[in-house]
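Here's query38.cif, which has mmCIF, C-alpha atoms:
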data_coords
#
loop_
_atom_site.label_atom_id
_atom_site.label_comp_id
_atom_site.auth_asym_id
_atom_site.auth_seq_id
_atom_site.Cartn_x
_atom_site.Cartn_y
_atom_site.Cartn_z
CA MET A 1 -1.53 55.81 -22.31
CA LYS A 2 -2.28 55.03 -18.67
CA THR A 3 -4.43 51.99 -19.50
CA PRO A 4 -1.59 49.86 -20.99
CA ARG A 5 0.68 50.72 -18.03
CA ILE A 6 -2.03 49.80 -15.53
CA LEU A 7 -2.70 46.49 -17.32
CA PHE A 8 1.04 45.76 -17.39
CA CYS A 9 1.35 46.45 -13.65
CA LEU A 10 -1.72 44.32 -12.96
CA ALA A 11 -0.23 41.43 -14.97
CA LEU A 12 3.05 41.71 -13.03
CA CYS A 13 1.16 41.62 -9.71
CA VAL A 14 -0.77 38.49 -10.73
CA ALA A 15 2.43 36.80 -11.92
CA ALA A 16 4.20 37.63 -8.65
CA MET A 17 1.34 36.13 -6.63
CA THR A 18 1.22 32.86 -8.63
CA PRO A 19 3.41 30.14 -7.06
CA LEU A 20 6.19 28.86 -9.29
CA GLY A 21 5.20 25.60 -10.92
CA ALA A 22 1.48 26.19 -10.35
CA GLN A 23 0.77 25.66 -14.04
CA ASN A 24 2.90 22.52 -14.26
CA PRO A 25 2.37 19.97 -11.44
CA ALA A 26 5.53 18.10 -12.44
CA ALA A 27 7.58 21.25 -11.83
CA ASN A 28 6.76 21.22 -8.12
CA PRO A 29 6.03 17.60 -7.12
CA VAL A 30 5.05 16.12 -3.78
CA VAL A 31 7.85 14.18 -2.08
CA VAL A 32 6.98 11.11 0.01
CA GLU A 33 9.63 9.38 2.06
CA GLY A 34 10.08 7.44 5.25
CA VAL A 35 10.90 4.08 6.75
CA VAL A 36 8.84 0.89 6.83
CA PHE A 37 9.27 -1.14 10.01
CA GLU A 38 8.21 -4.56 11.20
CA ILE A 39 8.28 -5.97 14.71
CA ASP A 40 10.63 -8.87 15.32
CA PRO A 41 9.77 -11.85 17.58
CA GLY A 42 11.38 -10.03 20.52
CA GLY A 43 9.01 -7.07 20.10
CA LYS A 44 11.67 -4.75 18.66
CA TYR A 45 11.05 -2.43 15.69
CA VAL A 46 13.36 -3.35 12.81
CA PRO A 47 13.50 -2.12 9.19
CA CYS A 48 11.23 -4.06 6.85
CA ALA A 49 13.20 -5.02 3.76
CA ASN A 50 11.42 -5.50 0.41
CA ALA A 51 8.17 -3.84 1.48
CA SER A 52 6.12 -2.71 -1.52
CA ILE A 53 4.95 0.91 -1.73
CA GLN A 54 2.55 2.26 -4.38
CA ALA A 55 0.91 5.63 -4.96
CA ILE A 56 -2.74 5.70 -6.08
CA ARG A 57 -4.87 8.63 -7.25
CA GLY A 58 -8.45 8.21 -8.38
CA GLY A 59 -8.19 4.43 -8.44
CA ASN A 60 -5.17 4.44 -10.75
CA LEU A 61 -1.66 3.41 -9.87
CA LEU A 62 0.65 6.40 -10.27
CA LYS A 63 3.94 4.63 -9.93
CA ASN A 64 5.30 1.12 -10.21
CA PRO A 65 5.82 -0.46 -6.81
CA PHE A 66 8.80 0.83 -4.90
CA LYS A 67 10.65 -1.71 -2.77
CA THR A 68 12.39 -0.78 0.43
CA GLY A 69 16.02 -1.69 0.86
CA SER A 70 17.47 -3.55 3.81
CA ASP A 71 17.23 -0.29 5.79
CA GLY A 72 13.44 -0.08 5.19
CA LYS A 73 13.77 3.38 3.62
CA TYR A 74 11.79 4.68 0.64
CA SER A 75 11.50 7.95 -1.26
CA PHE A 76 9.55 8.95 -4.37
CA THR A 77 7.80 11.91 -5.97
CA VAL A 78 4.27 12.32 -7.32
CA ALA A 79 2.92 15.16 -9.46
CA SER A 80 1.02 17.65 -7.32
CA GLY A 81 -2.76 17.85 -7.60
CA ALA A 82 -5.56 15.98 -5.87
CA PRO A 83 -4.86 14.01 -2.69
CA PHE A 84 -3.52 10.52 -3.27
CA SER A 85 -3.16 7.32 -1.28
CA VAL A 86 0.00 5.39 -0.57
CA THR A 87 -0.17 1.66 0.09
CA PHE A 88 2.40 -0.25 2.11
CA SER A 89 2.44 -4.03 1.88
CA GLY A 90 4.71 -7.02 2.20
CA SER A 91 4.71 -10.77 2.25
CA ASN A 92 2.69 -12.08 5.20
CA ARG A 93 2.04 -8.51 6.39
CA VAL A 94 -1.26 -6.68 6.82
CA PRO A 95 -1.37 -3.90 4.18
CA GLU A 96 -1.55 -0.29 5.36
CA LEU A 97 -2.96 2.69 3.49
CA THR A 98 -2.50 6.40 4.11
CA GLN A 99 -3.78 9.50 2.34
CA VAL A 100 -1.33 12.24 1.37
CA ALA A 101 -2.08 15.84 0.43
CA GLY A 102 -1.22 16.62 -3.18
CA LEU A 103 -0.06 20.14 -2.30
CA ALA A 104 2.71 21.28 -4.63
CA GLY A 105 6.19 21.34 -3.14
CA THR A 106 5.36 19.54 0.09
CA LYS A 107 7.54 16.89 1.65
CA ASN A 108 5.78 14.10 3.55
CA PHE A 109 7.72 11.87 5.93
CA THR A 110 5.81 8.77 7.01
CA ASN A 111 7.04 5.85 9.07
CA VAL A 112 4.84 2.78 8.84
CA THR A 113 4.83 -0.53 10.71
CA LEU A 114 3.67 -3.63 8.84
CA LEU A 115 2.34 -6.30 11.19
CA THR A 116 1.81 -10.00 10.67
CA ALA A 117 -1.78 -11.22 10.97
CA ALA A 118 -1.09 -12.51 14.49
CA GLN A 119 0.52 -9.23 15.58
CA TYR A 120 -2.38 -7.24 14.14
CA GLN A 121 -4.98 -9.40 15.89
CA GLN A 122 -3.19 -8.94 19.23
CA SER A 123 -2.86 -5.16 18.81
CA PRO A 124 -5.38 -2.65 20.22
CA GLN A 125 -6.36 -1.81 16.63
CA GLY A 126 -6.97 -5.48 15.88
CA GLU A 127 -9.20 -5.82 18.91
CA ARG A 128 -11.43 -2.99 17.66
CA TYR A 129 -11.27 -3.66 13.92
CA LYS A 130 -11.14 -7.33 12.95
CA LEU A 131 -8.50 -8.51 10.49
CA LYS A 132 -11.00 -9.78 7.92
CA SER A 133 -12.77 -6.39 7.89
CA LYS A 134 -9.46 -4.53 7.54
CA LEU A 135 -8.37 -6.70 4.61
CA GLN A 136 -11.76 -6.38 2.88
CA SER A 137 -11.62 -2.61 3.39
CA ALA A 138 -8.15 -2.51 1.85
CA LEU A 139 -9.44 -4.42 -1.18
CA GLU A 140 -12.21 -1.85 -1.63
CA GLN A 141 -9.75 1.07 -1.57
CA VAL A 142 -6.94 -0.11 -3.83
CA PRO A 143 -6.78 -1.18 -7.49
CA ASP A 144 -7.07 -4.92 -8.10
CA ASP A 145 -3.63 -5.01 -9.73
CA SER A 146 -1.81 -3.38 -6.79
CA ASP A 147 0.58 -5.27 -4.54
CA ALA A 148 -1.56 -4.32 -1.53
CA ALA A 149 -4.58 -6.04 -3.12
CA ARG A 150 -2.53 -9.12 -3.96
CA PHE A 151 -1.21 -9.42 -0.39
CA ALA A 152 -4.67 -8.76 1.12
CA ARG A 153 -6.28 -11.46 -1.06
CA ALA A 154 -3.53 -13.95 -0.14
CA MET A 155 -4.02 -13.21 3.55
CA LEU A 156 -7.82 -13.59 3.27
CA ASP A 157 -7.37 -16.88 1.42
CA SER A 158 -5.07 -18.21 4.17
CA GLU A 159 -7.67 -17.29 6.83
CA ARG A 160 -10.28 -19.62 5.24
#

The structure given in the file should be rewritten as structure tokens.
Amino acid sequence: MKTPRILFCLALCVAAMTPLGAQNPAANPVVVEGVVFEIDPGGKYVPCANASIQAIRGGNLLKNPFKTGSDGKYSFTVASGAPFSVTFSGSNRVPELTQVAGLAGTKNFTNVTLLTAAQYQQSPQGERYKLKSKLQSALEQVPDDSDAARFARAMLDSER
């Protein structure tokens, strides 16, 4: 009679140690939110309206593009699991890419600044990492049908 009781207690211990939602990634998603900025001609950070944001895992788009409002804010959820990338892009802006942990139940707050080609080239980053290389690198890391790829290709074409 002791064996069933021991097995029952063992099962309760395992259940208590398993995080809620561990079996169902959608039950405990990853939240990603923040603000996308641009720099105005006076050098001031201002919200970037209509920036495109997409989540990518394993080369596949996870969500349709999100567009920022006039306040530059965005917020979305992704099923937990493997790490994923988030692309930020906009018309006449150098795309940015960041990797996010897919840890269940986490909340990631990321502010991003999208620069024009001229602003990027004048920045310390642009002095070390040339624009053409950055755009080509972006194209290698994102799906061809993503907004980031479309904006990167358009920017490369305009550089020719």

**Message:** Residue by residue, what does the PyMOL selection byres ((chain A and resi 106) around 9) grab here? Present the result as a list in words.
**Reply:** Asn28, Pro29, Val30, Val31, Val32, Ser80, Ala101, Gly102, Leu103, Ala104, Gly105, Lys107 and Asn108 of chain A

**Request:** Just say which residues the PyMOL selection byres ((chain A and resi 38-50) around 12) picks in this file, as number ranges by chain.
**Result:** A: 34-37, 51-53, 65-74, 88-95, 111-120, 123, 147

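Put simply, atom CA of A:Lys63 is 14.8 Å away from atom CA of A:Pro83.
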
**Request:** Determine the residue membership of the PyMOL selection byres ((chain A and resi 131) around 9) for the file above and supply it as an MDAnalysis selection string.
**Result:** chainID A and resid 94 117 120:121 126:127 129:130 132:136 156

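For the set A:Gln99, A:Gln54, A:Ser158, A:Ser75, the residue with the smallest atom-to-atom gap to A:Ser146 is A:Gln54, counting all atoms listed in the file.
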
**Request:** Can you work out the spacing between atom CA of A:Gln141 and atom CA of A:Val78 in Å, to one decimal?
**Result:**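 One can read the atom CA of A:Gln141 to atom CA of A:Val78 distance as 18.9 Å.
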
Around all of stretch 141-148 of chain A's listed atoms, make the axis-aligned box with 8 Å on each side and tell me centre and edge lengths in Å to one decimal, as lines of an AutoDock Vina configuration file.
center_x = -4.6
center_y = -2.1
center_z = -5.6
size_x = 26.3
size_y = 22.3
size_z = 24.2

**Asked** By how many Å are atom CA of A:Asp157 and atom CA of A:Gly58 apart?
**Response** 27.0 Å

**Item:** Given all atoms listed in the file as the counted atoms, nearest of A:Glu33, A:Ala27, A:Ala154, A:Val86 to A:Thr110
**Value:** A:Glu33

**Prompt:** Of the candidates A:Glu96, A:Gly81, A:Gly59, A:Glu159, which shows the shortest atom-to-atom distance to A:Ser137, using only C-alpha atoms?
**Reply:** A:Glu96

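Nearest to A:Ala152 of all the residues A:Arg128, A:Ala79, A:Ile56, A:Thr87 is A:Thr87, counting only C-alpha atoms.
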
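With all atoms listed in the file taken into account, the protein and nucleic acid residues at most 8 Å from A:Ser85 (excluding it and anything under 3 positions from it in its own chain) are Ala55, Ile56, Arg57, Leu97, Thr98, Gln99 and Val100 of chain A.
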